[in-house]
Amino acid sequence: MLSTKVTCNSHGQDSSYFLGWEEYEKNPFDEVKNPNGIIQMGLAENQLSFDLLESWLQKNPDAAAFNKPNTNQSIFKELALFQDYHGLPAFKNALVRFMSEIRGNTVTFDPNNLVLTAGATSANETLMFCLANPGDAFLIPTPYYPGFDRDLKWRTGAEIVPIQCSSLNGFRITKSALDEAYKQAEKQNLKVKGVLVTNPSNPLGTSLSLHELDLLVNFISTKNIHLISDEIYSGTVFSSPSFISIMDVLKNRNLMNTDVCKRVHIVYSLSKDLGLPGFRIGAIYSNDDRVVSAATKMSSFGLISSQTQYLLSEILSDKTFTKTYLSENRRRLKQRHEMLVKGLQKTGIRCLQGNAGLFCWVDMRHLLSSDTFEGELELWEKIVYEVGLNISPGSSCHCSEPGWFRVCFANMSEETLILAMQRVKSFVDSMAKKNNQSRHQQLLNRNSRRTKSLPKWVFSLSFHHREVSGADER
């Protein structure tokens with residue numbers, strides 16, 4: 001009596017990515033109430049700059065009270081009755097200016113090409129509905145955000161074909177990897193409708209290079225397919241190389257207002273850059289009028305409240321604030337990133353060199369009991385249950401190599417991160433001690449077996465030699 005959406009298991013909720021969250025929720029760390037609980041390091045939230053937003057709200061009480069600036073005139077009724085799914089013009093204008101500011105004002109965005117959605121999750125799914133039919137495929141570089149298995153596939157019926165990237169070149173996208181993924185889709189009789197990338201990458205914490213972006217543009221041009229660039233972490237780039245948007249590439253290659261440009265779509269959100277996931281502010285930017293029209297109609301199923309749009313339009317229109325926020329937030333992210341990297345280095349664990357995001361891509365291959373995904377999950381379970389940290393195993397991100405983990409650093413206090421590093425060090429030290437004891441026992445066993453296999457005259461000769469040697473020493 002129920003639909004297959006209810007009875008099927010394609011949501012991805014059984015992934016270790018989500019299972020780790022469930023274990024955390026059963027035993028959440030609290031420095032006072034539950035100091036031995038599980039520390040959440042699997043959640044990519046930016047909690048480092050809330051004080052800046054709260055300070056702005058204190059200085060601008062009219063915005064939160066829904067009064068017109070510098071007046072006592074309420075606009076509550078006006079906002080409460082606003083139902084236009086195109087969105088508040090003031091908010092769309094402020095949002096595209098903020099997107100340009102993040103990109104150094106090297107490119108501009110037309111608010112008429114912007115579709116507002118209830119978060120990036122809704123934006124990505126809406127694009128799937130617009131660009132792919134059930135059974136069509138999108139190519140995605142690995143490792144990728146585990147939630148894409150839900151966001152892109154569950155309701156749309158679309159398929160994902162991985163572009164296999166390797167640690168040998170820092171998981172960079174290559175032409176051969178793109179070609180191979182396309183061939184694999186053809187072997188599965190899947191029609192490839194496009195490529196989706198996250199830039200900066202989740203979970204790698206790296207921004208795409210100009211070479212990679214050029215490869216992608218060339219690839220979609222040759223194959224006559226779409227490119228979705230999920231740029232929700234664009235404002236988190238805290239060190240070089242600087243962020244390059246796909247819009248920069250299109251502009252510099254004189255591809256604006258071309259058929260290629262119409263097949264390039266950007267997803268954006270304020271969940272990461274401003275740390276406001278609960279406000280559900282997402283957006284699609286497309287140069288294809290048909291996509292904009294269809295996505296706008298679909299957005300009626302997941303609108304952003306007019307009150308939220310108004311408040312954010314006031315915040316983002318304050319140029320002094322946005323400039324200060326972006327600069328200070330990047331500084332804090334860089335500092336926190338360095339804390340995690342150095343803390344892990346002290347335990348002998350290294351990270352992929354990153355320049356963006358709210359997490360590190362951590363190499364724990366040397367801690368695996370076996371170079372397999374079974375070995376990875378065994379280590380992950382120890383880290384969750386014994387160490388008390390929820391981190392995301394690389395297998396949940398479809399990484400082709402076991403032993404990599406995504407570890408988040410911006411959703412906790414500095415003190416909690418220090419405690420987490422202490423727990424990691426204790427765990428690694430205990431593992432090293434057990435391994436040493438095991439190797440020592442193996443050596444003793446080997447020597448014992450070797451001794452038992454020797455003839456009696458060898459023991460006699462060895463005993464006589466020790467007596468003579470001892471007499472010489474005395």
# chains A, B, ... in the order shown; residues from 1 in each chain; ligands from 1
call {"tool": "select_by_dssp", "arguments": {"residues": "segment 118-326 of chain A", "states": "strand (DSSP E)", "output": "ChimeraX atom specification"}}
result
/A:137-141,159-163,192-198,226-230,264-269,282-286
call {"tool": "residues_around", "arguments": {"residues": "Leu312 of chain A", "least_positions_apart": "2", "cutoff": "12 Å", "atoms": "only C-alpha atoms", "output": "number ranges by chain"}}
result
A: 53, 56-57, 63-64, 66, 88, 90-95, 98, 270, 274, 276, 279-281, 304-310, 314-318, 322
call {"tool": "write_last_selection", "arguments": {"atoms": "C-alpha atoms", "output": "compact mmCIF listing (two decimals), in the first residue's frame"}}
result
# COMPACT_ATOMS: atom_id res chain seq x y z
CA LEU A 53 26.70 38.37 13.04
CA TRP A 56 25.69 43.36 13.66
CA LEU A 57 22.20 42.46 14.91
CA ALA A 63 16.34 44.65 10.88
CA ALA A 64 15.49 41.88 13.34
CA PHE A 66 11.19 44.07 10.87
CA LEU A 88 12.36 39.63 -2.65
CA ALA A 90 16.21 43.48 -2.48
CA PHE A 91 17.50 40.12 -1.27
CA LYS A 92 18.35 38.81 -4.75
CA ASN A 93 20.24 42.02 -5.53
CA ALA A 94 22.15 41.83 -2.24
CA LEU A 95 22.95 38.14 -2.75
CA PHE A 98 27.84 39.26 -2.17
CA LEU A 270 24.83 30.94 2.85
CA LEU A 274 27.90 32.81 6.72
CA LEU A 276 23.52 29.87 8.57
CA PHE A 279 18.07 29.69 7.59
CA ARG A 280 17.87 27.42 4.49
CA ILE A 281 19.22 29.94 1.99
CA ILE A 304 12.84 30.80 1.73
CA SER A 305 10.61 32.72 4.15
CA SER A 306 10.18 36.40 3.33
CA GLN A 307 11.31 37.33 6.87
CA THR A 308 14.60 35.49 6.32
CA GLN A 309 15.08 37.13 2.93
CA TYR A 310 14.49 40.58 4.39
CA GLU A 314 19.83 44.07 5.26
CA ILE A 315 22.95 42.22 6.43
CA LEU A 316 24.39 41.65 2.95
CA SER A 317 23.68 45.25 1.88
CA ASP A 318 26.06 46.50 4.57
CA THR A 322 30.51 41.94 4.53
call {"tool": "residues_around", "arguments": {"residues": "Met339 of chain A", "least_positions_apart": "6", "cutoff": "12 Å", "atoms": "only C-alpha atoms", "output": "PyMOL selection string"}}
result
chain A and resi 332-333+345-346+359-360+408-410+413-421
call {"tool": "atom_distance", "arguments": {"atom1": "atom CA of Gly235 of chain A", "atom2": "atom CA of Leu326 of chain A"}}
result
6.9 Å
call {"tool": "atom_distance", "arguments": {"atom1": "atom CA of Val387 of chain A", "atom2": "atom CA of Val424 of chain A"}}
result
6.8 Å
call {"tool": "atom_distance", "arguments": {"atom1": "atom CA of Asn329 of chain A", "atom2": "atom CA of Leu48 of chain A"}}
result
7.2 Å
call {"tool": "residues_around", "arguments": {"residues": "Val115 of chain A", "least_positions_apart": "6", "cutoff": "8 Å", "atoms": "only C-alpha atoms", "output": "ChimeraX atom specification"}}
result
/A:86,283-285,292,295-296,299
call {"tool": "residues_around", "arguments": {"residues": "Gln47 of chain A", "least_positions_apart": "3", "cutoff": "7 Å", "atoms": "only C-alpha atoms", "output": "PyMOL selection string"}}
result
chain A and resi 50+275+410-412
call {"tool": "closest_atom_pairs", "arguments": {"of": "segment 26-102 of chain A", "to": "segment 365-384 of chain A", "cutoff": "12 Å", "atoms": "only C-alpha atoms", "output": "CSV"}}
result
residue,atom,partner,partner_atom,distance
A:Lys26,CA,A:Val384,CA,11.8
A:Asn27,CA,A:Val384,CA,10.6
A:Pro28,CA,A:Val384,CA,11.4
A:Phe29,CA,A:Val384,CA,12.0
A:Asn36,CA,A:Val384,CA,11.9
A:Gly37,CA,A:Val384,CA,10.0
A:Ile38,CA,A:Val384,CA,7.1
A:Ile39,CA,A:Val384,CA,8.8
A:Gln40,CA,A:Val384,CA,9.7
A:Met41,CA,A:Val384,CA,10.1
A:Gly42,CA,A:Val384,CA,10.6
call {"tool": "closest_residue", "arguments": {"among": "A:Leu152, A:Met364, A:Val291, A:Ile244", "to": "Glu212 of chain A", "atoms": "only C-alpha atoms"}}
result
A:Ile244
call {"tool": "residues_around", "arguments": {"residues": "segment 179-183 of chain A", "least_positions_apart": "6", "cutoff": "12 Å", "atoms": "only C-alpha atoms", "output": "short mmCIF file (atom, residue, chain, number, x, y, z; two decimals) with N, CA, C and O atoms, in the first residue's frame"}}
result
data_model
loop_
_atom_site.label_atom_id
_atom_site.label_comp_id
_atom_site.auth_asym_id
_atom_site.auth_seq_id
_atom_site.Cartn_x
_atom_site.Cartn_y
_atom_site.Cartn_z
N ALA A 137 22.60 10.09 -16.23
CA ALA A 137 23.71 10.11 -15.27
C ALA A 137 24.44 11.44 -15.25
O ALA A 137 24.52 12.15 -16.26
N PHE A 138 25.00 11.74 -14.08
CA PHE A 138 25.96 12.83 -13.91
C PHE A 138 27.28 12.23 -13.42
O PHE A 138 27.28 11.30 -12.60
N LEU A 139 28.37 12.73 -13.93
CA LEU A 139 29.70 12.31 -13.50
C LEU A 139 30.15 13.20 -12.36
O LEU A 139 30.02 14.43 -12.45
N ILE A 140 30.70 12.60 -11.29
CA ILE A 140 31.16 13.38 -10.13
C ILE A 140 32.54 12.88 -9.70
O ILE A 140 32.73 11.68 -9.52
N PRO A 141 33.51 13.79 -9.52
CA PRO A 141 34.85 13.37 -9.07
C PRO A 141 34.80 12.82 -7.65
O PRO A 141 34.08 13.33 -6.79
N THR A 142 35.56 11.75 -7.43
CA THR A 142 35.68 11.19 -6.09
C THR A 142 36.95 11.71 -5.42
O THR A 142 37.93 12.00 -6.12
N ILE A 160 24.60 8.42 -10.54
CA ILE A 160 25.92 9.01 -10.39
C ILE A 160 26.97 8.03 -10.87
O ILE A 160 26.96 6.86 -10.47
N VAL A 161 27.86 8.49 -11.73
CA VAL A 161 29.01 7.70 -12.16
C VAL A 161 30.26 8.40 -11.65
O VAL A 161 30.47 9.59 -11.95
N PRO A 162 31.09 7.73 -10.85
CA PRO A 162 32.26 8.39 -10.27
C PRO A 162 33.38 8.65 -11.27
O PRO A 162 33.65 7.84 -12.14
N ILE A 163 33.99 9.82 -11.14
CA ILE A 163 35.25 10.13 -11.82
C ILE A 163 36.34 9.80 -10.82
O ILE A 163 36.53 10.52 -9.84
N GLN A 164 37.04 8.69 -11.03
CA GLN A 164 37.97 8.18 -10.03
C GLN A 164 39.25 9.03 -9.99
O GLN A 164 40.00 9.08 -10.96
N CYS A 165 39.46 9.69 -8.86
CA CYS A 165 40.65 10.51 -8.66
C CYS A 165 41.58 9.83 -7.66
O CYS A 165 41.13 9.06 -6.80
N ILE A 173 41.48 16.34 -10.75
CA ILE A 173 40.74 15.84 -11.91
C ILE A 173 41.68 15.82 -13.12
O ILE A 173 42.40 16.78 -13.37
N ASN A 189 25.09 1.67 -20.22
CA ASN A 189 23.96 2.17 -21.03
C ASN A 189 23.28 3.37 -20.38
O ASN A 189 22.05 3.50 -20.41
N LEU A 190 24.10 4.21 -19.76
CA LEU A 190 23.58 5.43 -19.13
C LEU A 190 23.87 6.63 -20.03
O LEU A 190 24.98 6.78 -20.55
N LYS A 191 22.89 7.48 -20.18
CA LYS A 191 23.08 8.71 -20.94
C LYS A 191 23.65 9.77 -20.00
O LYS A 191 23.03 10.14 -19.01
N VAL A 192 24.84 10.27 -20.30
CA VAL A 192 25.50 11.26 -19.46
C VAL A 192 24.95 12.64 -19.79
O VAL A 192 25.06 13.11 -20.93
N LYS A 193 24.37 13.31 -18.79
CA LYS A 193 23.81 14.63 -19.00
C LYS A 193 24.73 15.74 -18.51
O LYS A 193 24.51 16.92 -18.83
N GLY A 194 25.74 15.38 -17.69
CA GLY A 194 26.61 16.45 -17.22
C GLY A 194 27.63 15.98 -16.20
O GLY A 194 27.71 14.79 -15.85
N VAL A 195 28.40 16.95 -15.72
CA VAL A 195 29.39 16.75 -14.66
C VAL A 195 29.03 17.68 -13.51
O VAL A 195 28.62 18.83 -13.74
N LEU A 215 39.87 21.97 -18.17
CA LEU A 215 39.58 20.60 -18.59
C LEU A 215 38.07 20.35 -18.62
O LEU A 215 37.53 19.75 -19.56
N LEU A 216 37.40 20.81 -17.55
CA LEU A 216 35.96 20.59 -17.43
C LEU A 216 35.19 21.32 -18.53
O LEU A 216 34.27 20.76 -19.13
N ASN A 218 36.34 22.24 -21.46
CA ASN A 218 36.62 21.56 -22.73
C ASN A 218 35.82 20.26 -22.85
O ASN A 218 35.30 19.93 -23.93
N PHE A 219 35.72 19.55 -21.74
CA PHE A 219 35.03 18.26 -21.74
C PHE A 219 33.54 18.42 -22.04
O PHE A 219 32.98 17.71 -22.88
N ILE A 220 32.88 19.35 -21.34
CA ILE A 220 31.44 19.52 -21.57
C ILE A 220 31.18 20.12 -22.95
O ILE A 220 30.11 19.89 -23.54
N THR A 222 33.00 19.42 -25.70
CA THR A 222 33.15 18.30 -26.63
C THR A 222 31.97 17.34 -26.56
O THR A 222 31.46 16.88 -27.60
N LYS A 223 31.52 17.04 -25.34
CA LYS A 223 30.45 16.06 -25.15
C LYS A 223 29.05 16.67 -25.26
O LYS A 223 28.05 15.95 -25.25
N ILE A 225 27.37 18.48 -23.00
CA ILE A 225 26.65 18.18 -21.77
C ILE A 225 26.74 19.36 -20.82
O ILE A 225 27.39 20.38 -21.12
#
call {"tool": "closest_residue", "arguments": {"among": "A:Leu168, A:Asp14, A:Tyr85, A:Tyr24", "to": "Tyr385 of chain A", "atoms": "only C-alpha atoms"}}
result
A:Tyr24
call {"tool": "residues_around", "arguments": {"residues": "Arg330 of chain A", "least_positions_apart": "6", "cutoff": "10 Å", "atoms": "only C-alpha atoms", "output": "list in words"}}
result
Leu48, Ser49, Gly235, Thr236, Val237, Phe238, Ser239, Asp273, Arg336, Ala356 and Gly357 of chain A
call {"tool": "closest_residue", "arguments": {"among": "A:Asn355, A:Ser100, A:Ser166, A:Asn252", "to": "Leu210 of chain A", "atoms": "only C-alpha atoms"}}
result
A:Asn252
call {"tool": "decode", "arguments": {"residues": "segment 210-297 of chain A", "atoms": "C-alpha atoms", "output": "short mmCIF file (atom, residue, chain, number, x, y, z; two decimals), in the first residue's frame"}}
result
data_model
loop_
_atom_site.label_atom_id
_atom_site.label_comp_id
_atom_site.auth_asym_id
_atom_site.auth_seq_id
_atom_site.Cartn_x
_atom_site.Cartn_y
_atom_site.Cartn_z
CA LEU A 210 42.57 26.72 -13.48
CA HIS A 211 43.86 23.67 -15.34
CA GLU A 212 41.07 21.49 -13.91
CA LEU A 213 38.41 24.08 -14.69
CA ASP A 214 39.68 24.39 -18.29
CA LEU A 215 39.58 20.60 -18.59
CA LEU A 216 35.96 20.59 -17.43
CA VAL A 217 34.89 23.33 -19.85
CA ASN A 218 36.62 21.56 -22.73
CA PHE A 219 35.03 18.26 -21.74
CA ILE A 220 31.44 19.52 -21.57
CA SER A 221 31.99 21.44 -24.83
CA THR A 222 33.15 18.30 -26.63
CA LYS A 223 30.45 16.06 -25.15
CA ASN A 224 27.70 18.69 -25.40
CA ILE A 225 26.65 18.18 -21.77
CA HIS A 226 26.06 20.32 -18.66
CA LEU A 227 28.36 21.38 -15.83
CA ILE A 228 27.09 22.10 -12.31
CA SER A 229 29.59 23.94 -10.13
CA ASP A 230 28.59 23.73 -6.46
CA GLU A 231 30.38 26.74 -4.97
CA ILE A 232 28.87 26.84 -1.49
CA TYR A 233 32.37 26.94 0.10
CA SER A 234 33.65 29.77 -2.12
CA GLY A 235 33.87 32.23 0.78
CA THR A 236 35.90 29.84 2.94
CA VAL A 237 39.12 29.92 0.88
CA PHE A 238 41.61 31.00 3.54
CA SER A 239 44.99 30.59 1.81
CA SER A 240 46.55 30.33 -1.62
CA PRO A 241 45.76 29.39 -4.27
CA SER A 242 42.87 31.82 -4.43
CA PHE A 243 39.40 30.77 -5.48
CA ILE A 244 38.60 30.62 -9.20
CA SER A 245 34.91 30.42 -10.04
CA ILE A 246 33.69 28.71 -13.18
CA MET A 247 32.26 32.13 -14.09
CA ASP A 248 35.81 33.52 -14.16
CA VAL A 249 36.81 30.83 -16.65
CA LEU A 250 33.82 31.47 -18.90
CA LYS A 251 34.51 35.21 -18.87
CA ASN A 252 38.26 34.89 -19.52
CA ARG A 253 37.68 32.45 -22.38
CA ASN A 254 35.07 34.75 -23.97
CA LEU A 255 32.38 32.10 -23.56
CA MET A 256 29.73 34.33 -22.00
CA ASN A 257 26.46 34.34 -23.95
CA THR A 258 27.41 31.13 -25.78
CA ASP A 259 25.78 27.72 -25.85
CA VAL A 260 28.52 26.45 -23.52
CA CYS A 261 27.72 29.18 -21.00
CA LYS A 262 24.06 28.18 -21.06
CA ARG A 263 25.06 24.67 -20.00
CA VAL A 264 27.00 25.88 -16.94
CA HIS A 265 25.05 26.28 -13.69
CA ILE A 266 26.19 27.41 -10.24
CA VAL A 267 24.82 26.34 -6.87
CA TYR A 268 25.33 28.68 -3.93
CA SER A 269 24.23 28.90 -0.30
CA LEU A 270 24.83 30.94 2.85
CA SER A 271 25.04 27.80 5.02
CA LYS A 272 28.85 27.62 4.95
CA ASP A 273 30.15 31.12 4.15
CA LEU A 274 27.90 32.81 6.72
CA GLY A 275 27.31 29.75 8.91
CA LEU A 276 23.52 29.87 8.57
CA PRO A 277 22.38 26.34 7.63
CA GLY A 278 19.19 26.69 9.65
CA PHE A 279 18.07 29.69 7.59
CA ARG A 280 17.87 27.42 4.49
CA ILE A 281 19.22 29.94 1.99
CA GLY A 282 20.25 28.41 -1.32
CA ALA A 283 20.37 29.55 -4.91
CA ILE A 284 20.75 28.37 -8.50
CA TYR A 285 22.47 30.64 -11.01
CA SER A 286 21.99 29.76 -14.67
CA ASN A 287 22.38 31.56 -17.98
CA ASP A 288 19.72 29.36 -19.57
CA ASP A 289 16.34 31.08 -19.40
CA ARG A 290 14.50 27.76 -19.68
CA VAL A 291 16.33 26.35 -16.67
CA VAL A 292 15.69 29.54 -14.68
CA SER A 293 11.98 29.43 -15.57
CA ALA A 294 11.52 25.75 -14.70
CA ALA A 295 13.60 25.96 -11.52
CA THR A 296 11.66 29.01 -10.37
CA LYS A 297 8.38 27.11 -10.73
#
